>>> print(open('data_0.cif').read())   # mmCIF, C-alpha atoms
data_my_file
#
loop_
_atom_site.group_PDB
_atom_site.id
_atom_site.type_symbol
_atom_site.label_atom_id
_atom_site.label_comp_id
_atom_site.auth_asym_id
_atom_site.auth_seq_id
_atom_site.Cartn_x
_atom_site.Cartn_y
_atom_site.Cartn_z
ATOM 1 C CA MET A 22 32.708 13.724 14.714
ATOM 2 C CA SER A 23 31.133 16.245 12.414
ATOM 3 C CA PHE A 24 28.344 15.446 10.017
ATOM 4 C CA ASP A 25 25.991 17.076 7.536
ATOM 5 C CA LEU A 26 22.405 16.385 6.543
ATOM 6 C CA GLU A 27 22.213 17.042 2.794
ATOM 7 C CA ILE A 28 19.215 16.774 0.482
ATOM 8 C CA LEU A 29 18.974 17.108 -3.271
ATOM 9 C CA VAL A 30 15.489 18.127 -4.455
ATOM 10 C CA GLU A 31 15.694 16.568 -7.879
ATOM 11 C CA GLY A 32 14.431 18.603 -10.818
ATOM 12 C CA ARG A 33 13.780 21.755 -8.765
ATOM 13 C CA LYS A 34 15.886 24.661 -9.985
ATOM 14 C CA HIS A 35 14.814 27.509 -7.732
ATOM 15 C CA LEU A 36 14.154 26.798 -4.092
ATOM 16 C CA LYS A 37 14.446 29.400 -1.344
ATOM 17 C CA THR A 38 16.045 29.052 2.056
ATOM 18 C CA SER A 39 13.269 28.585 4.601
ATOM 19 C CA VAL A 40 12.480 27.453 8.136
ATOM 20 C CA ILE A 41 10.008 24.717 9.046
ATOM 21 C CA GLU A 42 9.354 24.657 12.767
ATOM 22 C CA ASN A 43 12.841 24.392 14.319
ATOM 23 C CA ILE A 44 14.816 23.295 11.241
ATOM 24 C CA ARG A 45 16.394 25.663 8.741
ATOM 25 C CA ILE A 46 16.568 24.478 5.116
ATOM 26 C CA GLU A 47 19.606 26.256 3.708
ATOM 27 C CA VAL A 48 19.570 26.172 -0.082
ATOM 28 C CA ASN A 49 23.037 25.990 -1.570
ATOM 29 C CA SER A 50 23.964 27.135 -5.040
ATOM 30 C CA GLN A 51 22.929 24.767 -7.826
ATOM 31 C CA TYR A 52 26.471 23.413 -7.922
ATOM 32 C CA GLY A 53 27.171 23.518 -4.175
ATOM 33 C CA GLY A 54 26.824 19.778 -3.656
ATOM 34 C CA ARG A 55 28.648 18.967 -6.845
ATOM 35 C CA ASN A 56 31.629 21.000 -5.768
ATOM 36 C CA ARG A 57 31.718 19.514 -2.258
ATOM 37 C CA TYR A 58 30.878 15.865 -2.965
ATOM 38 C CA GLY A 59 31.686 15.406 -6.652
ATOM 39 C CA SER A 60 34.502 12.930 -6.064
ATOM 40 C CA THR A 61 32.821 10.879 -3.327
ATOM 41 C CA PHE A 62 29.065 10.796 -3.991
ATOM 42 C CA VAL A 63 29.155 10.813 -7.780
ATOM 43 C CA TYR A 64 25.669 9.413 -8.382
ATOM 44 C CA MET A 65 24.000 12.133 -6.339
ATOM 45 C CA THR A 66 26.134 14.956 -7.687
ATOM 46 C CA GLU A 67 25.331 14.051 -11.298
ATOM 47 C CA ARG A 68 21.625 14.792 -10.728
ATOM 48 C CA ARG A 69 20.112 18.229 -11.334
ATOM 49 C CA GLY A 70 18.164 20.088 -8.691
ATOM 50 C CA SER A 71 18.422 22.203 -5.567
ATOM 51 C CA TRP A 72 20.930 21.221 -2.896
ATOM 52 C CA CYS A 73 19.817 21.824 0.686
ATOM 53 C CA SER A 74 21.539 21.506 4.035
ATOM 54 C CA LEU A 75 19.523 21.041 7.213
ATOM 55 C CA PHE A 76 20.440 23.035 10.314
ATOM 56 C CA GLU A 77 18.828 23.798 13.609
ATOM 57 C CA THR A 78 17.396 27.278 13.823
ATOM 58 C CA ASP A 79 19.498 29.757 15.750
ATOM 59 C CA LEU A 80 18.131 29.131 19.232
ATOM 60 C CA ASN A 81 19.918 30.729 22.189
ATOM 61 C CA ASN A 82 22.624 32.167 19.949
ATOM 62 C CA ARG A 83 23.967 28.766 18.925
ATOM 63 C CA CYS A 84 25.648 28.358 15.572
ATOM 64 C CA PHE A 85 23.750 26.857 12.682
ATOM 65 C CA SER A 86 24.526 23.163 12.733
ATOM 66 C CA ALA A 87 23.026 19.761 12.020
ATOM 67 C CA TYR A 88 24.705 18.506 15.178
ATOM 68 C CA ASN A 89 21.746 19.219 17.456
ATOM 69 C CA ILE A 90 19.125 17.805 15.064
ATOM 70 C CA ALA A 91 20.588 14.328 15.052
ATOM 71 C CA LYS A 92 23.044 12.119 16.815
ATOM 72 C CA ILE A 93 25.349 9.334 15.791
ATOM 73 C CA LYS A 94 24.715 5.861 17.102
ATOM 74 C CA ILE A 95 27.208 3.054 16.615
ATOM 75 C CA ILE A 96 25.503 -0.258 15.965
ATOM 76 C CA ASP A 97 27.250 -3.568 16.479
ATOM 77 C CA LYS A 98 27.656 -5.580 13.311
ATOM 78 C CA SER A 99 25.505 -8.419 14.644
ATOM 79 C CA LYS A 100 22.489 -6.109 15.163
ATOM 80 C CA ILE A 101 21.979 -4.845 11.631
ATOM 81 C CA ASN A 102 22.039 -6.296 8.144
ATOM 82 C CA TYR A 103 24.962 -4.505 6.606
ATOM 83 C CA PRO A 104 25.121 -3.684 2.949
ATOM 84 C CA PHE A 105 27.325 -6.441 1.592
ATOM 85 C CA TRP A 106 29.985 -3.973 0.430
ATOM 86 C CA GLU A 107 30.412 -2.682 4.009
ATOM 87 C CA ASP A 108 30.557 -6.077 5.702
ATOM 88 C CA ASP A 109 34.200 -5.794 6.754
ATOM 89 C CA ARG A 110 33.571 -3.078 9.376
ATOM 90 C CA ASP A 111 33.193 -3.791 13.082
ATOM 91 C CA GLY A 112 30.483 -1.208 13.649
ATOM 92 C CA MET A 113 28.282 1.026 11.579
ATOM 93 C CA TYR A 114 27.259 4.622 12.196
ATOM 94 C CA VAL A 115 23.494 5.056 12.300
ATOM 95 C CA LEU A 116 21.520 8.300 12.109
ATOM 96 C CA ASN A 117 19.156 9.100 14.988
ATOM 97 C CA ILE A 118 16.995 12.208 14.931
ATOM 98 C CA ARG A 119 16.702 13.779 18.380
ATOM 99 C CA PRO A 120 13.135 13.613 19.781
ATOM 100 C CA GLU A 121 12.655 17.398 19.819
ATOM 101 C CA TYR A 122 13.346 17.488 16.043
ATOM 102 C CA GLU A 123 11.451 14.375 14.877
ATOM 103 C CA HIS A 124 8.234 16.146 13.863
ATOM 104 C CA SER A 125 10.111 18.991 12.153
ATOM 105 C CA PHE A 126 12.394 16.579 10.315
ATOM 106 C CA LYS A 127 9.425 14.638 8.918
ATOM 107 C CA SER A 128 7.744 17.887 7.878
ATOM 108 C CA VAL A 129 10.905 19.058 6.107
ATOM 109 C CA MET A 130 11.306 15.770 4.243
ATOM 110 C CA LYS A 131 7.651 15.816 3.109
ATOM 111 C CA HIS A 132 7.894 19.465 2.071
ATOM 112 C CA LEU A 133 11.049 18.930 0.026
ATOM 113 C CA GLN A 134 9.693 15.812 -1.669
ATOM 114 C CA THR A 135 6.513 17.589 -2.735
ATOM 115 C CA SER A 136 8.679 20.507 -3.966
ATOM 116 C CA SER A 137 10.325 18.217 -6.500
ATOM 117 C CA PRO A 138 8.594 18.019 -9.893
ATOM 118 C CA LYS A 139 9.627 14.356 -9.918
ATOM 119 C CA LYS A 140 8.522 13.894 -6.276
ATOM 120 C CA ARG A 141 12.053 12.588 -5.699
ATOM 121 C CA ILE A 142 14.687 13.652 -3.206
ATOM 122 C CA MET A 143 18.056 12.217 -2.337
ATOM 123 C CA PHE A 144 19.035 12.256 1.318
ATOM 124 C CA LEU A 145 22.660 12.047 2.406
ATOM 125 C CA PRO A 146 23.583 11.879 6.073
ATOM 126 C CA ARG A 147 27.293 12.576 5.535
ATOM 127 C CA LEU A 148 29.856 11.750 8.187
ATOM 128 C CA GLN A 149 33.469 12.766 7.659
ATOM 129 C CA GLY A 150 35.567 9.803 6.580
ATOM 130 C CA GLY A 151 34.570 6.575 4.901
ATOM 131 C CA GLU A 152 32.902 8.417 2.045
ATOM 132 C CA HIS A 153 32.192 6.364 -1.055
ATOM 133 C CA ASN A 154 29.614 6.416 -3.825
ATOM 134 C CA ASN A 155 27.141 4.271 -1.847
ATOM 135 C CA VAL A 156 23.491 4.491 -2.896
ATOM 136 C CA CYS A 157 20.351 2.856 -1.514
ATOM 137 C CA GLY A 158 17.823 2.102 -4.239
ATOM 138 C CA VAL A 159 14.470 3.860 -4.433
ATOM 139 C CA ILE A 160 12.349 3.720 -1.280
ATOM 140 C CA THR A 161 9.167 5.531 -0.267
ATOM 141 C CA LEU A 162 9.197 8.277 2.316
ATOM 142 C CA ASP A 163 7.152 6.086 4.661
ATOM 143 C CA LYS A 164 9.719 3.293 4.305
ATOM 144 C CA PHE A 165 12.504 5.795 4.962
ATOM 145 C CA PHE A 166 10.793 6.908 8.194
ATOM 146 C CA GLU A 167 10.325 3.264 9.219
ATOM 147 C CA LEU A 168 14.015 2.549 8.639
ATOM 148 C CA LEU A 169 14.940 5.682 10.574
ATOM 149 C CA GLU A 170 12.830 4.618 13.562
ATOM 150 C CA ASN A 171 14.451 1.163 13.516
ATOM 151 C CA ASP A 172 18.082 2.391 13.466
ATOM 152 C CA LYS A 173 18.656 1.411 9.848
ATOM 153 C CA ILE A 174 19.563 4.705 8.188
ATOM 154 C CA LEU A 175 23.323 4.600 7.835
ATOM 155 C CA PHE A 176 25.682 7.513 7.383
ATOM 156 C CA ASN A 177 27.454 8.001 4.044
ATOM 157 C CA ILE A 178 24.774 6.309 1.980
ATOM 158 C CA VAL A 179 22.564 8.269 -0.422
ATOM 159 C CA TYR A 180 18.890 7.372 -0.011
ATOM 160 C CA ILE A 181 16.701 7.899 -3.081
ATOM 161 C CA ILE A 182 13.219 8.707 -1.828
ATOM 162 C CA GLN A 183 10.264 8.673 -4.187
ATOM 163 C CA ASP A 184 6.617 7.739 -3.692
#
>>> encode(input="data_0.cif", output="C-alpha cells")
Amino acid sequence: MSFDLEILVEGRKHLKTSVIENIRIEVNSQYGGRNRYGSTFVYMTERRGSWCSLFETDLNNRCFSAYNIAKIKIIDKSKINYPFWEDDRDGMYVLNIRPEYEHSFKSVMKHLQTSSPKKRIMFLPRLQGGEHNNVCGVITLDKFFELLENDKILFNIVYIIQD
C-alpha cells in the first residue's frame, strides 16, 4: 500500500524545501494539494498556505518516499475508539513513525507549526483508497504526539494542530 504524509502550513505563502535531520520537507506549489486532493479532502484544500510532503532524505541512493519514515499498522476494531462515521469497518489503518525517524518527525512538525503565522498546521496521513473529507477537530501538538504514541492517529483523517 502506498501512502503520503502531507502537511498544510496554514497562512504561510512562501516556504522553501528543506531538510531537518533525516526528513526532507518538499514544498509543493501553492495549489499542489488542492489539485491532488480537492475532491476528497475538501476542508483541507479550501485553506490557504504552503503544502508540504514529507520524505526520507536520499540515503543509500533510495528514492524519496514517505514509506521508510512510517509504517501502517492495522488495529482491530475492539482496540480503538473509532470515529462514529467509520464504525462499519473491521480494522483501521494506524500511522506509526519508525523509531529512527521519531525525533526528526517531531522536529519537523514543531518547525512547520511555528512557521505558520496562525501557528496552525493540518496533517494528513493519506493512504490510497477510502478517502473522504474526514477531519479531526483542533488538537495541540503535544496531544497529537500522545495520540501518535498510543496508536490513535488514523490514515485518511486530517488533523488540525494548533497550540
>>> residues_around(input="data_0.cif", residues="Tyr114 in chain A", least_positions_apart="3", cutoff="7 Å", atoms="only C-alpha atoms", output="CSV table (one decimal) with C-alpha atoms, keeping the file's coordinate frame")
chain,number,residue,atom,x,y,z
A,93,ILE,CA,25.3,9.3,15.8
A,94,LYS,CA,24.7,5.9,17.1
A,95,ILE,CA,27.2,3.1,16.6
A,96,ILE,CA,25.5,-0.3,16.0
A,175,LEU,CA,23.3,4.6,7.8
A,176,PHE,CA,25.7,7.5,7.4
>>> closest_residue(input="data_0.cif", among="A:Ser86, A:Ser74, A:Asn43, A:Gln183", to="Ser137 in chain A", atoms="only C-alpha atoms")
A:Gln183
>>> resolve_selection(input="data_0.cif", expression="the PyMOL selection byres ((chain A and resi 64) around 9)", output="tab-separated table (two decimals) with C-alpha atoms, in the coordinates of the input")
chain	number	residue	atom	x	y	z
A	59	GLY	CA	31.69	15.41	-6.65
A	61	THR	CA	32.82	10.88	-3.33
A	62	PHE	CA	29.06	10.80	-3.99
A	63	VAL	CA	29.16	10.81	-7.78
A	65	MET	CA	24.00	12.13	-6.34
A	66	THR	CA	26.13	14.96	-7.69
A	67	GLU	CA	25.33	14.05	-11.30
A	68	ARG	CA	21.62	14.79	-10.73
A	154	ASN	CA	29.61	6.42	-3.82
A	155	ASN	CA	27.14	4.27	-1.85
A	156	VAL	CA	23.49	4.49	-2.90
A	179	VAL	CA	22.56	8.27	-0.42
>>> closest_residue(input="data_0.cif", among="A:Lys127, A:Arg69, A:Arg119, A:Arg33", to="Glu167 in chain A", atoms="all atoms listed in the file")
A:Lys127
>>> resolve_selection(input="data_0.cif", expression="the PyMOL selection byres ((chain A and resi 39) around 12)", output="short mmCIF file (atom, residue, chain, number, x, y, z; two decimals) with C-alpha atoms, in the frame of the given file")
data_model
loop_
_atom_site.label_atom_id
_atom_site.label_comp_id
_atom_site.auth_asym_id
_atom_site.auth_seq_id
_atom_site.Cartn_x
_atom_site.Cartn_y
_atom_site.Cartn_z
CA LEU A 36 14.15 26.80 -4.09
CA LYS A 37 14.45 29.40 -1.34
CA THR A 38 16.05 29.05 2.06
CA VAL A 40 12.48 27.45 8.14
CA ILE A 41 10.01 24.72 9.05
CA GLU A 42 9.35 24.66 12.77
CA ASN A 43 12.84 24.39 14.32
CA ILE A 44 14.82 23.30 11.24
CA ARG A 45 16.39 25.66 8.74
CA ILE A 46 16.57 24.48 5.12
CA GLU A 47 19.61 26.26 3.71
CA VAL A 48 19.57 26.17 -0.08
CA ASN A 49 23.04 25.99 -1.57
CA CYS A 73 19.82 21.82 0.69
CA SER A 74 21.54 21.51 4.04
CA LEU A 75 19.52 21.04 7.21
CA PHE A 76 20.44 23.04 10.31
CA GLU A 77 18.83 23.80 13.61
CA THR A 78 17.40 27.28 13.82
CA VAL A 129 10.90 19.06 6.11
CA HIS A 132 7.89 19.46 2.07
CA LEU A 133 11.05 18.93 0.03
#
>>> closest_residue(input="data_0.cif", among="A:Ser23, A:Ser128, A:Asn117, A:Thr161", to="Tyr180 in chain A", atoms="all atoms listed in the file")
A:Thr161
>>> closest_residue(input="data_0.cif", among="A:Met113, A:Ile182, A:Leu26, A:Ala87", to="Trp72 in chain A", atoms="all atoms listed in the file")
A:Leu26
>>> closest_residue(input="data_0.cif", among="A:Ile28, A:His35, A:Pro146, A:His153", to="Lys92 in chain A", atoms="only C-alpha atoms")
A:Pro146
>>> atom_distance(input="data_0.cif", atom1="CA of Gln134 in chain A", atom2="CA of Asp184 in chain A")
8.9 Å
>>> atom_distance(input="data_0.cif", atom1="CA of Phe126 in chain A", atom2="CA of Cys157 in chain A")
19.8 Å
>>> resolve_selection(input="data_0.cif", expression="the PyMOL selection byres ((chain A and resi 121) around 10)", output="list in words")
Asn43, Asn89, Ile90, Ala91, Ile118, Arg119, Pro120, Tyr122, Glu123, His124, Ser125 and Phe126 of chain A
>>> closest_residue(input="data_0.cif", among="A:Lys131, A:Glu170, A:Phe24, A:Val30", to="Met143 in chain A", atoms="only C-alpha atoms")
A:Val30
>>> atom_distance(input="data_0.cif", atom1="CA of Asn177 in chain A", atom2="CA of Leu148 in chain A")
6.1 Å
>>> axis_aligned_box(input="data_0.cif", around="range 157-166 of chain A", padding_each_side="6 Å", output="JSON")
{"center_x": 13.8, "center_y": 5.2, "center_z": 1.9, "size_x": 25.2, "size_y": 18.2, "size_z": 24.6}
>>> build_atoms(input="data_0.cif", residues="range 140-151 of chain A", atoms="all heavy atoms", output="compact mmCIF listing (two decimals), keeping the file's coordinate frame")
# COMPACT_ATOMS: atom_id res chain seq x y z
N LYS A 140 8.87 14.44 -7.60
CA LYS A 140 8.52 13.89 -6.28
C LYS A 140 9.64 12.99 -5.77
O LYS A 140 9.40 11.97 -5.13
CB LYS A 140 7.19 13.15 -6.30
CG LYS A 140 6.04 13.99 -6.80
CD LYS A 140 5.80 15.19 -5.93
CE LYS A 140 4.65 16.03 -6.44
NZ LYS A 140 4.98 17.43 -6.59
N ARG A 141 10.88 13.39 -6.08
CA ARG A 141 12.05 12.59 -5.70
C ARG A 141 13.10 13.48 -5.03
O ARG A 141 13.45 14.53 -5.55
CB ARG A 141 12.64 11.91 -6.92
CG ARG A 141 13.83 11.02 -6.59
CD ARG A 141 14.29 10.15 -7.74
NE ARG A 141 14.42 10.83 -8.99
CZ ARG A 141 13.84 10.46 -10.13
NH1 ARG A 141 13.08 9.39 -10.18
NH2 ARG A 141 14.03 11.15 -11.24
N ILE A 142 13.57 13.00 -3.89
CA ILE A 142 14.69 13.65 -3.21
C ILE A 142 15.76 12.61 -2.94
O ILE A 142 15.48 11.40 -2.93
CB ILE A 142 14.26 14.33 -1.88
CG1 ILE A 142 13.62 13.32 -0.91
CG2 ILE A 142 13.35 15.51 -2.15
CD1 ILE A 142 13.26 13.91 0.45
N MET A 143 16.96 13.09 -2.75
CA MET A 143 18.06 12.22 -2.34
C MET A 143 18.57 12.75 -1.02
O MET A 143 18.87 13.94 -0.89
CB MET A 143 19.16 12.20 -3.39
CG MET A 143 18.70 11.55 -4.66
SD MET A 143 20.03 11.36 -5.83
CE MET A 143 19.09 10.92 -7.26
N PHE A 144 18.63 11.88 -0.04
CA PHE A 144 19.04 12.26 1.32
C PHE A 144 20.39 11.65 1.61
O PHE A 144 20.60 10.45 1.42
CB PHE A 144 18.00 11.76 2.33
CG PHE A 144 18.36 12.06 3.76
CD1 PHE A 144 18.26 13.35 4.24
CD2 PHE A 144 18.80 11.05 4.59
CE1 PHE A 144 18.59 13.63 5.57
CE2 PHE A 144 19.14 11.32 5.92
CZ PHE A 144 19.03 12.61 6.40
N LEU A 145 21.31 12.49 2.08
CA LEU A 145 22.66 12.05 2.41
C LEU A 145 23.03 12.49 3.81
O LEU A 145 23.30 13.66 4.05
CB LEU A 145 23.67 12.63 1.41
CG LEU A 145 25.16 12.44 1.75
CD1 LEU A 145 25.53 10.96 1.82
CD2 LEU A 145 26.02 13.16 0.72
N PRO A 146 23.01 11.56 4.77
CA PRO A 146 23.58 11.88 6.07
C PRO A 146 25.09 11.62 5.96
O PRO A 146 25.54 10.49 5.89
CB PRO A 146 22.90 10.90 7.03
CG PRO A 146 22.50 9.74 6.17
CD PRO A 146 22.36 10.26 4.77
N ARG A 147 25.87 12.69 5.85
CA ARG A 147 27.29 12.58 5.54
C ARG A 147 28.14 12.75 6.78
O ARG A 147 28.06 13.76 7.47
CB ARG A 147 27.68 13.63 4.51
CG ARG A 147 29.10 13.44 4.02
CD ARG A 147 29.63 14.72 3.41
NE ARG A 147 31.02 14.85 3.78
CZ ARG A 147 31.49 15.59 4.78
NH1 ARG A 147 30.70 16.30 5.51
NH2 ARG A 147 32.77 15.64 5.03
N LEU A 148 28.92 11.75 7.06
CA LEU A 148 29.86 11.75 8.19
C LEU A 148 31.27 11.80 7.62
O LEU A 148 31.57 11.07 6.67
CB LEU A 148 29.66 10.47 9.00
CG LEU A 148 30.47 10.28 10.27
CD1 LEU A 148 30.11 11.34 11.30
CD2 LEU A 148 30.20 8.89 10.84
N GLN A 149 32.10 12.66 8.17
CA GLN A 149 33.47 12.77 7.66
C GLN A 149 34.18 11.43 7.75
O GLN A 149 34.14 10.76 8.77
CB GLN A 149 34.26 13.79 8.46
CG GLN A 149 34.10 15.18 7.96
CD GLN A 149 34.99 16.14 8.73
OE1 GLN A 149 35.05 16.09 9.94
NE2 GLN A 149 35.67 16.99 8.00
N GLY A 150 34.82 11.06 6.64
CA GLY A 150 35.57 9.80 6.58
C GLY A 150 34.70 8.68 6.06
O GLY A 150 33.49 8.67 6.22
N GLY A 151 35.30 7.73 5.41
CA GLY A 151 34.57 6.58 4.90
C GLY A 151 33.57 6.93 3.83
O GLY A 151 32.53 6.28 3.70
